[in-house]
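Q: Would you mind keeping the following structure in view while I ask a few things?
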Amino acid sequence: RTFSSAFTVKLDFWFLEYSVLDFCPSVPESAKVRSWISCELNKQILVWFHCDGEEPTWSVPEQEEISNGSWVYRGRTEHFLSAHIQEVAENAGDVAHLFHLHGPGITSGVDLRYINSKLWEFVRHDWKVEWEANKPEKHCSEMNLKHSMTLFGSHFSLLDLHVVARQVGPSLVFLDFKHPFLGRGMMLQSVTPVEPLLQCITHTIYYQANIPAVVPKFILRGECMQFERDVMIWNNKKYTSNPLLVKEDSTIRKHRLWYKQFYSENSPTLQYQNDALDF
């Protein structure tokens with residue numbers, strides 16, 4: 001099923017305006033297009049979609065540092081992946097996968113067949129994660145993540161990083177980065193459905209203007225490499241509606257219960273045609 005309500009984002013667009021009255025004296029009643037509820041916030045254009053045509057029931061928060069320019073644009077990535085939109089959000093609830101997919105250093109690359117190469121095993125990432133749904137704002141959830149790195153078995157404190165990932169609705173994530181002396185910034189993640197089981201995901205980073213650009217660009221590059229490891233899984237995994245979960249995977253079930261609110265009885269379902277290639 002596709003989600004029933006969300007704000008989605010598309011940054012790159014062209015806008016052409018002209019008056020049809022310049023070409024003909026009257027406008028046919030059938031000459032009309034559908035309008036969408038939208039807003040411009042955090043230097044993004046957001047569009048509301050609800051499969052039942054309902055009005056927005058929640059709003060996207062404004063990040064003041066982005067709006068007032070104290071945090072500046074430092075880069076953007078874009079990926080396409082073959083998966084359901086819920087699979088992307090569910091990564092936050094799958095805490096156990098961090099050790100297996102994101103434990104090997106980024107120097108190991110993105111191909112999961114080789115990330116455990118002995119050549120780079122002296123570099124390891126360590127993650128401590130907590131995920132919970134926000135009770136006051138039920139459309140939001142939050143993941144607290146503490147990152148550290150070890151080199152040859154010794155803790156390398158320079159790359160200790162605290163990240164708070166706040167998900168707003170089914171497709172927007174605000175990743176707030178804090179470093180003891182390399183400053184603070186935010187990465188905005190947006191998932192936009194392109195067609196059934198095809199998602200466009202963008203990551204846009206804003207960082208303190210007084211911090212050299214190499215710092216946020218390094219963070220964006222590292223996040224991009226880690227994300228592409230997830231993409232390799234998403235492009236090949238199979239969704240199981242009732243998986244056999246152990247105690248360590250309990251947050252997956254909690255996350256699915258939280259995400260369920262974004263569906264309605266009229267949410268479209270994907271139906272395959274046996275005699276054609278049409279969705």
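Letters A, B, ... go to the chains of the structure tokens in the order shown; residues in each chain start at 1; ligands are counted from 1 in the same order.
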From a DSSP calculation on the backbone, collect every residue of region 85-267 of chain A in helix (DSSP H, G or I) and output the set as an mmCIF file with N, CA and C atoms, in the first residue's frame.
A:
```
data_model
loop_
_atom_site.group_PDB
_atom_site.id
_atom_site.type_symbol
_atom_site.label_atom_id
_atom_site.label_comp_id
_atom_site.auth_asym_id
_atom_site.auth_seq_id
_atom_site.Cartn_x
_atom_site.Cartn_y
_atom_site.Cartn_z
ATOM 1 N N ILE A 85 8.011 2.538 0.446
ATOM 2 C CA ILE A 85 8.421 3.689 1.250
ATOM 3 C C ILE A 85 8.558 3.329 2.729
ATOM 4 N N GLN A 86 7.760 2.384 3.208
ATOM 5 C CA GLN A 86 7.829 2.005 4.615
ATOM 6 C C GLN A 86 9.156 1.335 4.955
ATOM 7 N N GLU A 87 9.758 0.643 3.984
ATOM 8 C CA GLU A 87 11.027 -0.037 4.228
ATOM 9 C C GLU A 87 12.115 0.955 4.648
ATOM 10 N N VAL A 88 12.084 2.144 4.062
ATOM 11 C CA VAL A 88 13.101 3.145 4.364
ATOM 12 C C VAL A 88 12.963 3.617 5.806
ATOM 13 N N ALA A 89 11.740 3.960 6.190
ATOM 14 C CA ALA A 89 11.512 4.437 7.552
ATOM 15 C C ALA A 89 11.795 3.356 8.584
ATOM 16 N N GLU A 90 11.529 2.106 8.229
ATOM 17 C CA GLU A 90 11.674 0.999 9.175
ATOM 18 C C GLU A 90 13.124 0.752 9.569
ATOM 19 N N ASN A 91 14.049 1.335 8.844
ATOM 20 C CA ASN A 91 15.461 1.213 9.205
ATOM 21 C C ASN A 91 15.719 1.704 10.626
ATOM 22 N N ALA A 92 14.953 2.724 11.042
ATOM 23 C CA ALA A 92 15.140 3.281 12.382
ATOM 24 C C ALA A 92 14.786 2.268 13.461
ATOM 25 N N HIS A 97 20.656 -4.065 12.746
ATOM 26 C CA HIS A 97 21.359 -4.048 11.464
ATOM 27 C C HIS A 97 22.555 -3.096 11.479
ATOM 28 N N LEU A 98 22.583 -2.153 12.423
ATOM 29 C CA LEU A 98 23.678 -1.185 12.461
ATOM 30 C C LEU A 98 25.031 -1.867 12.648
ATOM 31 N N PHE A 99 25.081 -2.867 13.506
ATOM 32 C CA PHE A 99 26.348 -3.558 13.766
ATOM 33 C C PHE A 99 26.837 -4.284 12.518
ATOM 34 N N HIS A 100 25.928 -4.933 11.802
ATOM 35 C CA HIS A 100 26.323 -5.760 10.661
ATOM 36 C C HIS A 100 26.618 -4.929 9.411
ATOM 37 N N LEU A 101 25.744 -3.957 9.112
ATOM 38 C CA LEU A 101 25.912 -3.182 7.885
ATOM 39 C C LEU A 101 26.821 -1.976 8.063
ATOM 40 N N HIS A 102 26.727 -1.325 9.217
ATOM 41 C CA HIS A 102 27.408 -0.046 9.388
ATOM 42 C C HIS A 102 28.548 -0.093 10.395
ATOM 43 N N ILE A 106 33.986 3.064 6.705
ATOM 44 C CA ILE A 106 33.580 3.497 5.363
ATOM 45 C C ILE A 106 34.686 3.244 4.342
ATOM 46 N N THR A 107 35.916 3.035 4.821
ATOM 47 C CA THR A 107 37.008 2.696 3.903
ATOM 48 C C THR A 107 36.787 1.339 3.248
ATOM 49 N N SER A 108 35.866 0.528 3.807
ATOM 50 C CA SER A 108 35.571 -0.797 3.239
ATOM 51 C C SER A 108 34.670 -0.713 2.018
ATOM 52 N N LYS A 118 39.565 -8.154 5.482
ATOM 53 C CA LYS A 118 40.600 -8.068 6.515
ATOM 54 C C LYS A 118 41.517 -6.870 6.295
ATOM 55 N N LEU A 119 41.548 -6.360 5.067
ATOM 56 C CA LEU A 119 42.406 -5.220 4.765
ATOM 57 C C LEU A 119 42.014 -3.991 5.570
ATOM 58 N N TRP A 120 40.688 -3.846 5.840
ATOM 59 C CA TRP A 120 40.200 -2.648 6.524
ATOM 60 C C TRP A 120 39.579 -2.945 7.886
ATOM 61 N N SER A 157 38.409 9.414 19.584
ATOM 62 C CA SER A 157 37.357 10.316 20.062
ATOM 63 C C SER A 157 37.072 11.480 19.120
ATOM 64 N N LEU A 158 37.978 11.780 18.186
ATOM 65 C CA LEU A 158 37.775 12.905 17.278
ATOM 66 C C LEU A 158 36.488 12.760 16.475
ATOM 67 N N LEU A 159 36.082 11.519 16.195
ATOM 68 C CA LEU A 159 34.894 11.288 15.374
ATOM 69 C C LEU A 159 33.681 10.850 16.198
ATOM 70 N N VAL A 214 34.702 21.540 4.504
ATOM 71 C CA VAL A 214 35.200 20.169 4.423
ATOM 72 C C VAL A 214 34.571 19.285 5.498
ATOM 73 N N VAL A 215 34.189 19.860 6.642
ATOM 74 C CA VAL A 215 33.605 19.070 7.735
ATOM 75 C C VAL A 215 32.232 18.517 7.344
ATOM 76 N N PRO A 216 31.259 19.375 6.980
ATOM 77 C CA PRO A 216 29.959 18.814 6.585
ATOM 78 C C PRO A 216 30.022 17.972 5.316
ATOM 79 N N LYS A 217 30.926 18.294 4.410
ATOM 80 C CA LYS A 217 31.038 17.488 3.191
ATOM 81 C C LYS A 217 31.569 16.090 3.516
ATOM 82 N N PHE A 218 32.455 16.000 4.501
ATOM 83 C CA PHE A 218 32.941 14.692 4.938
ATOM 84 C C PHE A 218 31.808 13.899 5.596
ATOM 85 N N ILE A 219 30.992 14.576 6.412
ATOM 86 C CA ILE A 219 29.845 13.913 7.044
ATOM 87 C C ILE A 219 28.869 13.419 5.982
ATOM 88 N N LEU A 220 28.590 14.259 4.983
ATOM 89 C CA LEU A 220 27.668 13.875 3.916
ATOM 90 C C LEU A 220 28.210 12.693 3.119
ATOM 91 N N ARG A 221 29.510 12.712 2.859
ATOM 92 C CA ARG A 221 30.125 11.612 2.113
ATOM 93 C C ARG A 221 30.056 10.311 2.902
ATOM 94 N N GLY A 222 30.365 10.389 4.196
ATOM 95 C CA GLY A 222 30.294 9.196 5.031
ATOM 96 C C GLY A 222 28.879 8.653 5.127
ATOM 97 N N GLU A 223 27.899 9.553 5.294
ATOM 98 C CA GLU A 223 26.506 9.125 5.370
ATOM 99 C C GLU A 223 26.060 8.505 4.053
ATOM 100 N N CYS A 224 26.525 9.068 2.944
ATOM 101 C CA CYS A 224 26.165 8.553 1.624
ATOM 102 C C CYS A 224 26.662 7.119 1.445
ATOM 103 N N MET A 225 27.887 6.855 1.857
ATOM 104 C CA MET A 225 28.437 5.506 1.710
ATOM 105 C C MET A 225 27.694 4.514 2.599
ATOM 106 N N GLN A 226 27.388 4.924 3.824
ATOM 107 C CA GLN A 226 26.639 4.038 4.708
ATOM 108 C C GLN A 226 25.233 3.794 4.156
ATOM 109 N N PHE A 227 24.628 4.837 3.598
ATOM 110 C CA PHE A 227 23.276 4.712 3.056
ATOM 111 C C PHE A 227 23.241 3.757 1.870
ATOM 112 N N GLU A 228 24.275 3.782 1.043
ATOM 113 C CA GLU A 228 24.294 2.914 -0.133
ATOM 114 C C GLU A 228 24.419 1.440 0.247
ATOM 115 N N ARG A 229 24.922 1.163 1.441
ATOM 116 C CA ARG A 229 24.887 -0.219 1.930
ATOM 117 C C ARG A 229 23.439 -0.639 2.187
ATOM 118 N N ASP A 230 22.647 0.281 2.741
ATOM 119 C CA ASP A 230 21.224 -0.007 2.946
ATOM 120 C C ASP A 230 20.508 -0.206 1.614
ATOM 121 N N VAL A 231 20.868 0.607 0.623
ATOM 122 C CA VAL A 231 20.218 0.516 -0.690
ATOM 123 C C VAL A 231 20.392 -0.880 -1.277
ATOM 124 N N MET A 232 21.574 -1.456 -1.099
ATOM 125 C CA MET A 232 21.831 -2.798 -1.624
ATOM 126 C C MET A 232 20.888 -3.819 -0.989
ATOM 127 N N ILE A 233 20.567 -3.626 0.289
ATOM 128 C CA ILE A 233 19.611 -4.506 0.967
ATOM 129 C C ILE A 233 18.200 -4.242 0.468
ATOM 130 N N TRP A 234 17.790 -2.972 0.444
ATOM 131 C CA TRP A 234 16.428 -2.622 0.023
ATOM 132 C C TRP A 234 16.118 -3.131 -1.383
ATOM 133 N N LYS A 247 13.924 -10.915 20.849
ATOM 134 C CA LYS A 247 13.797 -9.790 21.771
ATOM 135 C C LYS A 247 14.545 -8.565 21.265
ATOM 136 N N GLU A 248 15.725 -8.790 20.680
ATOM 137 C CA GLU A 248 16.545 -7.669 20.202
ATOM 138 C C GLU A 248 15.905 -6.940 19.022
ATOM 139 N N ASP A 249 14.912 -7.559 18.383
ATOM 140 C CA ASP A 249 14.241 -6.948 17.230
ATOM 141 C C ASP A 249 12.878 -6.364 17.592
ATOM 142 N N SER A 250 12.596 -6.205 18.871
ATOM 143 C CA SER A 250 11.265 -5.767 19.297
ATOM 144 C C SER A 250 10.904 -4.384 18.767
ATOM 145 N N THR A 251 11.915 -3.531 18.522
ATOM 146 C CA THR A 251 11.614 -2.184 18.032
ATOM 147 C C THR A 251 11.051 -2.204 16.611
ATOM 148 N N ILE A 252 11.302 -3.274 15.859
ATOM 149 C CA ILE A 252 10.729 -3.364 14.512
ATOM 150 C C ILE A 252 9.210 -3.439 14.600
ATOM 151 N N ARG A 253 8.710 -4.264 15.508
ATOM 152 C CA ARG A 253 7.260 -4.374 15.681
ATOM 153 C C ARG A 253 6.669 -3.052 16.180
ATOM 154 N N LYS A 254 7.362 -2.406 17.116
ATOM 155 C CA LYS A 254 6.883 -1.118 17.629
ATOM 156 C C LYS A 254 6.839 -0.074 16.518
ATOM 157 N N HIS A 255 7.862 -0.099 15.662
ATOM 158 C CA HIS A 255 7.906 0.872 14.570
ATOM 159 C C HIS A 255 6.773 0.628 13.579
ATOM 160 N N ARG A 256 6.473 -0.629 13.288
ATOM 161 C CA ARG A 256 5.390 -0.932 12.350
ATOM 162 C C ARG A 256 4.037 -0.486 12.898
ATOM 163 N N LEU A 257 3.843 -0.646 14.190
ATOM 164 C CA LEU A 257 2.598 -0.186 14.808
ATOM 165 C C LEU A 257 2.489 1.329 14.726
ATOM 166 N N TRP A 258 3.621 2.023 14.906
ATOM 167 C CA TRP A 258 3.612 3.484 14.799
ATOM 168 C C TRP A 258 3.338 3.927 13.359
ATOM 169 N N TYR A 259 3.965 3.276 12.390
ATOM 170 C CA TYR A 259 3.851 3.682 10.988
ATOM 171 C C TYR A 259 2.461 3.390 10.423
ATOM 172 N N LYS A 260 1.741 2.486 11.045
ATOM 173 C CA LYS A 260 0.426 2.072 10.558
ATOM 174 C C LYS A 260 -0.556 3.231 10.469
ATOM 175 N N GLN A 261 -0.338 4.288 11.246
ATOM 176 C CA GLN A 261 -1.248 5.433 11.270
ATOM 177 C C GLN A 261 -1.306 6.169 9.932
ATOM 178 N N PHE A 262 -0.306 5.973 9.076
ATOM 179 C CA PHE A 262 -0.258 6.697 7.808
ATOM 180 C C PHE A 262 -1.008 5.983 6.687
#
```
Q: Could you list, as an MDAnalysis selection string, every residue within 10 Å of region 196-209 of chain A, counting only C-alpha atoms and ignoring same-chain residues fewer than 5 positions away?
A: chainID A and resid 1:2 9:11 42 44 65:66 69:85 88 171:177 182:191 215:217 219:220 223:224 235 269:271 279
Q: Work out how far apart CA of Gly153 (chain A) and CA of Glu121 (chain A) are and give it in Å to one decimal.
A: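 Separation between CA of Gly153 (chain A) and CA of Glu121 (chain A): 9.8 Å.
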Q: Excluding His162 (chain A) and any residue of its chain fewer than 6 positions from it, enumerate the residues within 7 Å of it, using only C-alpha atoms, and give them as a list in words.
A: Leu145, Lys146, His147, Phe177, Lys178 and His179 of chain A
Q: What residues in region 183-245 of chain A get the DSSP label strand (DSSP E or B)? Please answer as an NGL selection string.
A: :A and (183-195 or 198-208)
